[in-house]
file work_2.cif (mmCIF, N, CA and C atoms)
data_my_file
loop_
_atom_site.label_atom_id
_atom_site.label_comp_id
_atom_site.auth_asym_id
_atom_site.auth_seq_id
_atom_site.Cartn_x
_atom_site.Cartn_y
_atom_site.Cartn_z
N MET A 267 -28.88 11.79 10.74
CA MET A 267 -28.18 12.49 11.80
C MET A 267 -26.69 12.53 11.48
N ARG A 268 -26.08 13.58 11.87
CA ARG A 268 -24.64 13.71 11.69
C ARG A 268 -23.96 13.66 13.05
N THR A 269 -22.78 13.09 13.04
CA THR A 269 -21.96 13.06 14.24
C THR A 269 -20.64 13.73 13.91
N TYR A 270 -20.19 14.61 14.76
CA TYR A 270 -18.93 15.31 14.55
C TYR A 270 -17.99 14.99 15.70
N HIS A 271 -16.73 14.88 15.36
CA HIS A 271 -15.71 14.65 16.38
C HIS A 271 -14.57 15.62 16.13
N ILE A 272 -14.19 16.35 17.15
CA ILE A 272 -13.06 17.26 17.05
C ILE A 272 -11.85 16.56 17.66
N GLU A 273 -10.81 16.40 16.85
CA GLU A 273 -9.59 15.75 17.32
C GLU A 273 -8.80 16.74 18.17
N HIS A 274 -8.52 16.37 19.38
CA HIS A 274 -7.76 17.23 20.30
C HIS A 274 -6.33 16.73 20.34
N SER A 275 -5.44 17.49 19.74
CA SER A 275 -4.05 17.03 19.64
C SER A 275 -3.34 17.01 20.99
N SER A 276 -3.85 17.73 21.96
CA SER A 276 -3.17 17.77 23.26
C SER A 276 -3.51 16.57 24.14
N GLY A 277 -4.58 15.84 23.80
CA GLY A 277 -4.99 14.71 24.62
C GLY A 277 -4.61 13.38 24.01
N TRP A 278 -4.92 12.30 24.73
CA TRP A 278 -4.63 10.95 24.26
C TRP A 278 -5.69 10.53 23.26
N THR A 279 -5.26 9.87 22.19
CA THR A 279 -6.19 9.28 21.24
C THR A 279 -5.66 7.91 20.82
N PRO A 280 -6.54 7.00 20.44
CA PRO A 280 -6.07 5.69 19.97
C PRO A 280 -5.19 5.84 18.73
N GLU A 281 -5.53 6.79 17.86
CA GLU A 281 -4.75 6.99 16.65
C GLU A 281 -3.32 7.41 17.00
N ALA A 282 -3.19 8.32 17.96
CA ALA A 282 -1.86 8.77 18.38
C ALA A 282 -1.07 7.62 18.99
N GLU A 283 -1.75 6.79 19.76
CA GLU A 283 -1.09 5.63 20.39
C GLU A 283 -0.57 4.67 19.32
N ARG A 284 -1.43 4.34 18.33
CA ARG A 284 -1.01 3.44 17.25
C ARG A 284 0.15 4.06 16.48
N SER A 285 0.06 5.36 16.24
CA SER A 285 1.12 6.04 15.49
C SER A 285 2.44 5.95 16.23
N GLN A 286 2.40 6.13 17.55
CA GLN A 286 3.63 6.06 18.36
C GLN A 286 4.21 4.66 18.32
N VAL A 287 3.37 3.65 18.42
CA VAL A 287 3.84 2.26 18.35
C VAL A 287 4.50 2.01 17.00
N LEU A 288 3.86 2.45 15.93
CA LEU A 288 4.43 2.28 14.60
C LEU A 288 5.74 3.04 14.47
N ASN A 289 5.76 4.30 14.90
CA ASN A 289 6.98 5.10 14.81
C ASN A 289 8.13 4.44 15.55
N ASN A 290 7.86 3.93 16.75
CA ASN A 290 8.91 3.26 17.53
C ASN A 290 9.41 2.00 16.82
N ARG A 291 8.49 1.23 16.24
CA ARG A 291 8.87 0.01 15.54
C ARG A 291 9.73 0.34 14.31
N LEU A 292 9.33 1.34 13.54
CA LEU A 292 10.09 1.73 12.36
C LEU A 292 11.47 2.24 12.75
N LYS A 293 11.54 3.00 13.83
CA LYS A 293 12.82 3.52 14.30
C LYS A 293 13.74 2.37 14.72
N LYS A 294 13.18 1.39 15.45
CA LYS A 294 13.95 0.23 15.90
C LYS A 294 14.49 -0.57 14.71
N LEU A 295 13.67 -0.71 13.65
CA LEU A 295 14.08 -1.45 12.46
C LEU A 295 14.89 -0.60 11.48
N LYS A 296 15.12 0.66 11.86
CA LYS A 296 15.89 1.61 11.04
C LYS A 296 15.27 1.80 9.66
N ILE A 297 13.94 1.89 9.66
CA ILE A 297 13.19 2.15 8.42
C ILE A 297 12.89 3.64 8.40
N PRO A 298 13.39 4.36 7.42
CA PRO A 298 13.18 5.81 7.40
C PRO A 298 11.72 6.18 7.13
N GLN A 299 11.33 7.33 7.65
CA GLN A 299 9.98 7.85 7.42
C GLN A 299 10.09 9.23 6.79
N LEU A 300 9.12 9.58 6.01
CA LEU A 300 9.04 10.88 5.37
C LEU A 300 8.32 11.83 6.33
N SER A 301 8.97 12.94 6.66
CA SER A 301 8.33 13.91 7.55
C SER A 301 7.36 14.77 6.75
N MET A 302 6.48 15.47 7.45
CA MET A 302 5.53 16.35 6.79
C MET A 302 6.28 17.47 6.06
N ASP A 303 7.36 17.97 6.64
CA ASP A 303 8.15 19.01 5.97
C ASP A 303 8.77 18.50 4.67
N GLN A 304 9.29 17.26 4.70
CA GLN A 304 9.86 16.66 3.49
C GLN A 304 8.78 16.46 2.42
N LEU A 305 7.62 15.98 2.84
CA LEU A 305 6.51 15.76 1.92
C LEU A 305 6.08 17.08 1.27
N THR A 306 5.96 18.10 2.08
CA THR A 306 5.57 19.42 1.57
C THR A 306 6.58 19.93 0.56
N ALA A 307 7.87 19.80 0.88
CA ALA A 307 8.92 20.26 -0.03
C ALA A 307 8.87 19.50 -1.35
N MET A 308 8.66 18.19 -1.29
CA MET A 308 8.57 17.39 -2.52
C MET A 308 7.35 17.77 -3.34
N ALA A 309 6.22 18.00 -2.68
CA ALA A 309 5.00 18.39 -3.38
C ALA A 309 5.19 19.74 -4.06
N GLN A 310 5.84 20.66 -3.38
CA GLN A 310 6.10 21.98 -3.98
C GLN A 310 7.03 21.85 -5.18
N LEU A 311 8.07 21.02 -5.06
CA LEU A 311 9.00 20.83 -6.17
C LEU A 311 8.30 20.20 -7.38
N MET A 312 7.48 19.19 -7.13
CA MET A 312 6.74 18.56 -8.24
C MET A 312 5.79 19.56 -8.90
N SER A 313 5.20 20.42 -8.09
CA SER A 313 4.31 21.44 -8.64
C SER A 313 5.10 22.43 -9.50
N GLN A 314 6.27 22.84 -9.03
CA GLN A 314 7.11 23.77 -9.79
C GLN A 314 7.59 23.15 -11.10
N LEU A 315 8.00 21.88 -11.03
CA LEU A 315 8.52 21.19 -12.21
C LEU A 315 7.40 20.69 -13.13
N ASP A 316 6.19 20.61 -12.59
CA ASP A 316 5.03 20.08 -13.30
C ASP A 316 5.26 18.65 -13.77
N LYS A 317 5.91 17.86 -12.91
CA LYS A 317 6.12 16.44 -13.19
C LYS A 317 6.44 15.71 -11.89
N PRO A 318 6.26 14.39 -11.87
CA PRO A 318 6.56 13.64 -10.65
C PRO A 318 8.05 13.50 -10.44
N LEU A 319 8.43 13.24 -9.19
CA LEU A 319 9.82 12.93 -8.88
C LEU A 319 10.00 11.42 -9.02
N ILE A 320 10.99 10.99 -9.75
CA ILE A 320 11.25 9.56 -9.97
C ILE A 320 12.45 9.17 -9.12
N PHE A 321 12.26 8.22 -8.21
CA PHE A 321 13.33 7.78 -7.32
C PHE A 321 13.90 6.42 -7.73
N ASN A 322 13.14 5.65 -8.48
CA ASN A 322 13.55 4.29 -8.84
C ASN A 322 14.12 4.28 -10.25
N ASP A 323 15.23 3.55 -10.43
CA ASP A 323 15.80 3.43 -11.77
C ASP A 323 15.20 2.24 -12.50
N GLU A 324 15.69 1.95 -13.70
CA GLU A 324 15.12 0.87 -14.52
C GLU A 324 15.33 -0.52 -13.93
N ASN A 325 16.21 -0.67 -12.94
CA ASN A 325 16.46 -1.97 -12.32
C ASN A 325 15.70 -2.14 -11.01
N TRP A 326 14.80 -1.23 -10.72
CA TRP A 326 14.06 -1.27 -9.46
C TRP A 326 13.11 -2.45 -9.40
N GLY A 327 12.89 -2.94 -8.22
CA GLY A 327 11.89 -3.99 -8.00
C GLY A 327 12.37 -5.35 -8.42
N MET A 328 11.52 -6.08 -9.10
CA MET A 328 11.81 -7.47 -9.48
C MET A 328 12.01 -7.59 -10.97
N ILE A 329 12.46 -6.52 -11.62
CA ILE A 329 12.63 -6.52 -13.07
C ILE A 329 13.58 -7.62 -13.55
N GLN A 330 14.57 -7.95 -12.72
CA GLN A 330 15.56 -8.94 -13.14
C GLN A 330 15.15 -10.37 -12.79
N LYS A 331 13.99 -10.54 -12.17
CA LYS A 331 13.49 -11.87 -11.81
C LYS A 331 12.57 -12.40 -12.90
N SER A 332 12.65 -13.69 -13.12
CA SER A 332 11.75 -14.32 -14.07
C SER A 332 10.61 -14.96 -13.27
N LEU A 333 9.43 -14.40 -13.41
CA LEU A 333 8.29 -14.89 -12.65
C LEU A 333 7.39 -15.72 -13.55
N PRO A 334 7.01 -16.92 -13.10
CA PRO A 334 6.16 -17.77 -13.94
C PRO A 334 4.76 -17.18 -14.06
N GLU A 335 4.15 -17.42 -15.18
CA GLU A 335 2.78 -17.00 -15.41
C GLU A 335 1.87 -18.22 -15.47
N TRP A 336 0.71 -18.10 -14.94
CA TRP A 336 -0.28 -19.17 -14.97
C TRP A 336 -1.53 -18.64 -15.66
N VAL A 337 -1.99 -19.37 -16.65
CA VAL A 337 -3.20 -18.98 -17.36
C VAL A 337 -4.28 -19.99 -17.04
N VAL A 338 -5.37 -19.51 -16.52
CA VAL A 338 -6.50 -20.38 -16.23
C VAL A 338 -7.39 -20.34 -17.46
N SER A 339 -7.54 -21.49 -18.08
CA SER A 339 -8.30 -21.51 -19.33
C SER A 339 -9.78 -21.76 -19.06
N GLN A 340 -10.57 -21.49 -20.06
CA GLN A 340 -12.00 -21.70 -19.96
C GLN A 340 -12.31 -23.19 -19.81
N ALA A 341 -11.48 -24.05 -20.42
CA ALA A 341 -11.71 -25.50 -20.33
C ALA A 341 -11.63 -25.96 -18.88
N ILE A 342 -10.69 -25.44 -18.13
CA ILE A 342 -10.57 -25.83 -16.72
C ILE A 342 -11.80 -25.36 -15.96
N ASP A 343 -12.26 -24.15 -16.25
CA ASP A 343 -13.46 -23.64 -15.60
C ASP A 343 -14.66 -24.55 -15.88
N GLN A 344 -14.79 -25.02 -17.12
CA GLN A 344 -15.92 -25.87 -17.48
C GLN A 344 -15.82 -27.22 -16.79
N LEU A 345 -14.61 -27.77 -16.68
CA LEU A 345 -14.43 -29.04 -15.97
C LEU A 345 -14.80 -28.89 -14.50
N THR A 346 -14.43 -27.77 -13.91
CA THR A 346 -14.75 -27.53 -12.50
C THR A 346 -16.26 -27.46 -12.31
N VAL A 347 -16.94 -26.76 -13.19
CA VAL A 347 -18.40 -26.65 -13.11
C VAL A 347 -19.02 -28.03 -13.31
N ALA A 348 -18.53 -28.81 -14.29
CA ALA A 348 -19.07 -30.15 -14.54
C ALA A 348 -18.85 -31.03 -13.32
N GLY A 349 -17.68 -30.95 -12.71
CA GLY A 349 -17.40 -31.74 -11.52
C GLY A 349 -18.30 -31.38 -10.36
N MET A 350 -18.61 -30.11 -10.22
CA MET A 350 -19.52 -29.68 -9.15
C MET A 350 -20.93 -30.19 -9.40
N GLN A 351 -21.33 -30.21 -10.66
CA GLN A 351 -22.67 -30.68 -10.99
C GLN A 351 -22.79 -32.17 -10.68
N GLU A 352 -21.74 -32.94 -10.94
CA GLU A 352 -21.76 -34.37 -10.65
C GLU A 352 -21.86 -34.62 -9.15
N GLN A 353 -21.16 -33.79 -8.35
CA GLN A 353 -21.20 -33.96 -6.90
C GLN A 353 -22.58 -33.66 -6.34
N VAL A 354 -23.27 -32.70 -6.96
CA VAL A 354 -24.60 -32.32 -6.50
C VAL A 354 -25.61 -33.39 -6.83
N SER A 355 -25.45 -34.06 -7.99
CA SER A 355 -26.42 -35.06 -8.46
C SER A 355 -26.44 -36.28 -7.58
#

call {"tool": "encode", "arguments": {"input": "work_2.cif", "output": "structure tokens"}}
result
Amino acid sequence: MRTYHIEHSSGWTPEAERSQVLNNRLKKLKIPQLSMDQLTAMAQLMSQLDKPLIFNDENWGMIQKSLPEWVVSQAIDQLTVAGMQEQVS
């Protein structure tokens, strides 16, 4: 069986309510949002240029941070399995 739902933009919906709460929160925190008109313009520009728009430079994100790496070795995995077997016995 199929179920269909027609979204009525003139009435109340939970999605619209959540969207309004989010919009108000973002506005209060002064976090900018991309409008549909802005998105459309960017999509058209990318289509015309046949390439993505790049907004971040080479220093974007955490590039300047040194983040530690952790390698889980097979030996540790085997010890864990052996330890579990001992607990079961």

call {"tool": "atom_distance", "arguments": {"input": "work_2.cif", "atom1": "CA of Ile297 (chain A)", "atom2": "CA of Met328 (chain A)"}}
result
20.4 Å

call {"tool": "atom_distance", "arguments": {"input": "work_2.cif", "atom1": "CA of Lys294 (chain A)", "atom2": "CA of Glu281 (chain A)"}}
result
19.9 Å

call {"tool": "atom_distance", "arguments": {"input": "work_2.cif", "atom1": "atom C of Leu288 (chain A)", "atom2": "CA of Phe321 (chain A)"}}
result
23.6 Å
